[in-house]
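Visitor: Submitted below is the structure of interest, expressed as structure tokens.
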Amino acid sequence: MNIMNIQFLHMQSFLSNLCFLVSFFTTIYYWTKVIFFSKTSTTFLGFWGFCILNVGIAIQLVFRWVESGHFPLSSLYESLLFLSWSFTLIYLVVENFLKTEFIGVVISPLILCVLGFTGFSLPTDLQLSKPLVPALQSNWLFMHVSVMMLSYAGLLIGSLVAFSYLIISRVSNSKGEDAVSQTEVLSVPIPLASNFLTVSPSTFASQTGEPFETSSQKENLLSILDNLSYRTIGIGFCFLTLGILSGAVWANETWGTYWSWDPKETWALITWLTFACYLHTRLIYGWQGVKPAAIASFGFILVWVCYLGVNLLGKGLHTYGFFSMIYLLQNYL
């Protein structure tokens, strides 16, 4: 290993630790604000924390790109970094548009867990940059994997927002309050979210610090969450569709077949069908509220099974460049 590679490793290690610390303090900021300071006005501390994360992760990816000579999406470590970067990118876009910190409350713990797993749980050998295997030496690597990571990010965030909808709705109903009426969710303008700062588990505080004492306020908030989940999942579903199609074309060039029922392909299809059902029930049958949120929450699990579970437990054409459960057992037991 030459001096240049050692310098790259030291810089990547520093950036990895820095991003984890920034993610940790950003998560503490959001949840402390929700629990103890929900009546204060919106600040930009969390937003700038995500900006630092976005830039820090992007620099790590650029370093690995320069070091390896190919776009850094050929291993689990690199794909997790790109997934974390996608989370921060989506957050910055949503935050800039909605001017609400609620989405940060939802996303920040997810990014913290992903960065923690990436930097501290993966064996050092799996974090090193390695030459591409022959099957990955294609221009389709950037197209297919990057689109799939963006789809996972959109679907996971949308599913988390839907799960938040279920929690808030359940807490509201458990206190004997009126259930949220089935309004036309799509008719509720998303900018209404600028009227809300955070959702305190105990007070449902608004941006002005006033509790959500009326059912109309709760209805608006839940409608906004439902709307945001629907639109985010819709974008993620489009990316997932494009990713599956590009993967099929790449597979035909590499293996001579568009579809081989590999475990990764099968679970990607299951995930696609699940979110297709989610969108179908909303667009065709007009489902809103709890039912589609439950489907989306189930989809959250499927995305992780498709992304990590298959590579942890299964074998197939997509296991190269990642790792297996046998590898982990051999190194940790």
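Ordering of the structure tokens sets the chain letters (A, B, ...); residue numbers start at 1 within each chain; ligands are numbered from 1 in the order shown.
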Tell me which protein, DNA and RNA residues are within 12 Å of Val147 in chain A, counting only C-alpha atoms, leaving out same-chain ones fewer than 5 positions away, and put them as a PyMOL selection string.
Guide: chain A and resi 73+79+82-83+86+140-142+152-154+235-247
Visitor: Could you save those same residues with N, CA and C atoms as a PDB file, in the first residue's frame?
Guide:
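again-v9.pdb, written as the output of this step:
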ATOM      1  N   LEU A  73     -19.679   2.487  -6.144  1.00  0.00           N
ATOM      2  CA  LEU A  73     -20.944   1.810  -5.862  1.00  0.00           C
ATOM      3  C   LEU A  73     -20.807   0.298  -6.037  1.00  0.00           C
ATOM      4  N   SER A  79     -22.155   1.566  -1.206  1.00  0.00           N
ATOM      5  CA  SER A  79     -23.582   1.766  -1.450  1.00  0.00           C
ATOM      6  C   SER A  79     -24.279   2.350  -0.217  1.00  0.00           C
ATOM      7  N   PHE A  82     -23.547   6.002  -0.262  1.00  0.00           N
ATOM      8  CA  PHE A  82     -24.378   6.673  -1.256  1.00  0.00           C
ATOM      9  C   PHE A  82     -25.829   6.759  -0.783  1.00  0.00           C
ATOM     10  N   LEU A  83     -26.313   5.729  -0.092  1.00  0.00           N
ATOM     11  CA  LEU A  83     -27.667   5.760   0.457  1.00  0.00           C
ATOM     12  C   LEU A  83     -27.793   6.874   1.489  1.00  0.00           C
ATOM     13  N   SER A  86     -27.965  10.102  -0.222  1.00  0.00           N
ATOM     14  CA  SER A  86     -29.285  10.282  -0.832  1.00  0.00           C
ATOM     15  C   SER A  86     -30.302  10.739   0.212  1.00  0.00           C
ATOM     16  N   TRP A 140     -23.019   0.538 -17.002  1.00  0.00           N
ATOM     17  CA  TRP A 140     -24.318   0.409 -16.349  1.00  0.00           C
ATOM     18  C   TRP A 140     -24.205   0.444 -14.824  1.00  0.00           C
ATOM     19  N   LEU A 141     -22.999   0.303 -14.293  1.00  0.00           N
ATOM     20  CA  LEU A 141     -22.831   0.314 -12.834  1.00  0.00           C
ATOM     21  C   LEU A 141     -23.361   1.612 -12.240  1.00  0.00           C
ATOM     22  N   PHE A 142     -22.934   2.731 -12.790  1.00  0.00           N
ATOM     23  CA  PHE A 142     -23.388   4.027 -12.269  1.00  0.00           C
ATOM     24  C   PHE A 142     -24.887   4.199 -12.458  1.00  0.00           C
ATOM     25  N   TYR A 152     -34.339   3.469  -3.083  1.00  0.00           N
ATOM     26  CA  TYR A 152     -34.408   3.003  -1.701  1.00  0.00           C
ATOM     27  C   TYR A 152     -34.567   4.183  -0.742  1.00  0.00           C
ATOM     28  N   ALA A 153     -33.811   5.243  -0.989  1.00  0.00           N
ATOM     29  CA  ALA A 153     -33.881   6.417  -0.108  1.00  0.00           C
ATOM     30  C   ALA A 153     -35.286   7.027  -0.124  1.00  0.00           C
ATOM     31  N   GLY A 154     -35.838   7.217  -1.316  1.00  0.00           N
ATOM     32  CA  GLY A 154     -37.177   7.790  -1.403  1.00  0.00           C
ATOM     33  C   GLY A 154     -38.235   6.912  -0.763  1.00  0.00           C
ATOM     34  N   ILE A 235     -42.103   9.213  -6.047  1.00  0.00           N
ATOM     35  CA  ILE A 235     -40.807   9.479  -6.686  1.00  0.00           C
ATOM     36  C   ILE A 235     -39.893   8.262  -6.547  1.00  0.00           C
ATOM     37  N   GLY A 236     -39.853   7.683  -5.337  1.00  0.00           N
ATOM     38  CA  GLY A 236     -39.025   6.498  -5.132  1.00  0.00           C
ATOM     39  C   GLY A 236     -39.454   5.340  -6.007  1.00  0.00           C
ATOM     40  N   PHE A 237     -40.766   5.192  -6.217  1.00  0.00           N
ATOM     41  CA  PHE A 237     -41.274   4.107  -7.057  1.00  0.00           C
ATOM     42  C   PHE A 237     -40.836   4.292  -8.511  1.00  0.00           C
ATOM     43  N   CYS A 238     -40.828   5.529  -8.978  1.00  0.00           N
ATOM     44  CA  CYS A 238     -40.367   5.791 -10.348  1.00  0.00           C
ATOM     45  C   CYS A 238     -38.897   5.411 -10.498  1.00  0.00           C
ATOM     46  N   PHE A 239     -38.080   5.775  -9.509  1.00  0.00           N
ATOM     47  CA  PHE A 239     -36.667   5.399  -9.541  1.00  0.00           C
ATOM     48  C   PHE A 239     -36.502   3.881  -9.475  1.00  0.00           C
ATOM     49  N   LEU A 240     -37.319   3.218  -8.648  1.00  0.00           N
ATOM     50  CA  LEU A 240     -37.233   1.765  -8.535  1.00  0.00           C
ATOM     51  C   LEU A 240     -37.565   1.097  -9.867  1.00  0.00           C
ATOM     52  N   THR A 241     -38.584   1.585 -10.530  1.00  0.00           N
ATOM     53  CA  THR A 241     -38.965   1.040 -11.838  1.00  0.00           C
ATOM     54  C   THR A 241     -37.828   1.204 -12.841  1.00  0.00           C
ATOM     55  N   LEU A 242     -37.258   2.411 -12.871  1.00  0.00           N
ATOM     56  CA  LEU A 242     -36.148   2.674 -13.782  1.00  0.00           C
ATOM     57  C   LEU A 242     -34.942   1.810 -13.428  1.00  0.00           C
ATOM     58  N   GLY A 243     -34.698   1.613 -12.134  1.00  0.00           N
ATOM     59  CA  GLY A 243     -33.573   0.791 -11.706  1.00  0.00           C
ATOM     60  C   GLY A 243     -33.732  -0.662 -12.103  1.00  0.00           C
ATOM     61  N   ILE A 244     -34.942  -1.199 -11.966  1.00  0.00           N
ATOM     62  CA  ILE A 244     -35.188  -2.590 -12.353  1.00  0.00           C
ATOM     63  C   ILE A 244     -35.027  -2.769 -13.864  1.00  0.00           C
ATOM     64  N   LEU A 245     -35.548  -1.821 -14.627  1.00  0.00           N
ATOM     65  CA  LEU A 245     -35.432  -1.905 -16.083  1.00  0.00           C
ATOM     66  C   LEU A 245     -33.973  -1.806 -16.529  1.00  0.00           C
ATOM     67  N   SER A 246     -33.233  -0.868 -15.947  1.00  0.00           N
ATOM     68  CA  SER A 246     -31.814  -0.740 -16.315  1.00  0.00           C
ATOM     69  C   SER A 246     -31.031  -1.975 -15.890  1.00  0.00           C
ATOM     70  N   GLY A 247     -31.395  -2.556 -14.748  1.00  0.00           N
ATOM     71  CA  GLY A 247     -30.740  -3.780 -14.311  1.00  0.00           C
ATOM     72  C   GLY A 247     -31.010  -4.940 -15.257  1.00  0.00           C
TER      73      GLY A 247
END
Visitor: If we count only C-alpha atoms and set the cut-off at 12 Å, which residues sit around Ser13 in chain A, ignoring sequence neighbours fewer than 2 positions away in its own chain? Please answer as a list in words.
Guide: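 Counting only C-alpha atoms, the residues come to Ile6, Gln7, Phe8, Leu9, His10, Met11, Leu15, Ser16, Asn17, Leu18, Cys19, Phe20, Gly56, Ile57, Ile59, Gln60, Phe63, Arg64, Thr118, Gly119, Phe120, Thr124, Gln127 and Leu128 of chain A.
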Visitor: One decimal, Å: what's the distance from CA of Lys130 in chain A over to CA of Glu67 in chain A, could you say?
Guide: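 It comes out at 9.5 Å.
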Visitor: For Leu115 in chain A, which of A:Ser169, A:Ser74, A:Ser23, A:Thr32 is the closest residue, counting only C-alpha atoms?
Guide: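 Closest candidate: A:Ser23.
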Visitor: Give the answer as one residue: which of A:Thr100, A:Thr274, A:Asn227, A:Ser297 has the shortest atom-to-atom distance to Phe163 in chain A, using only C-alpha atoms?
Guide: A:Ser297
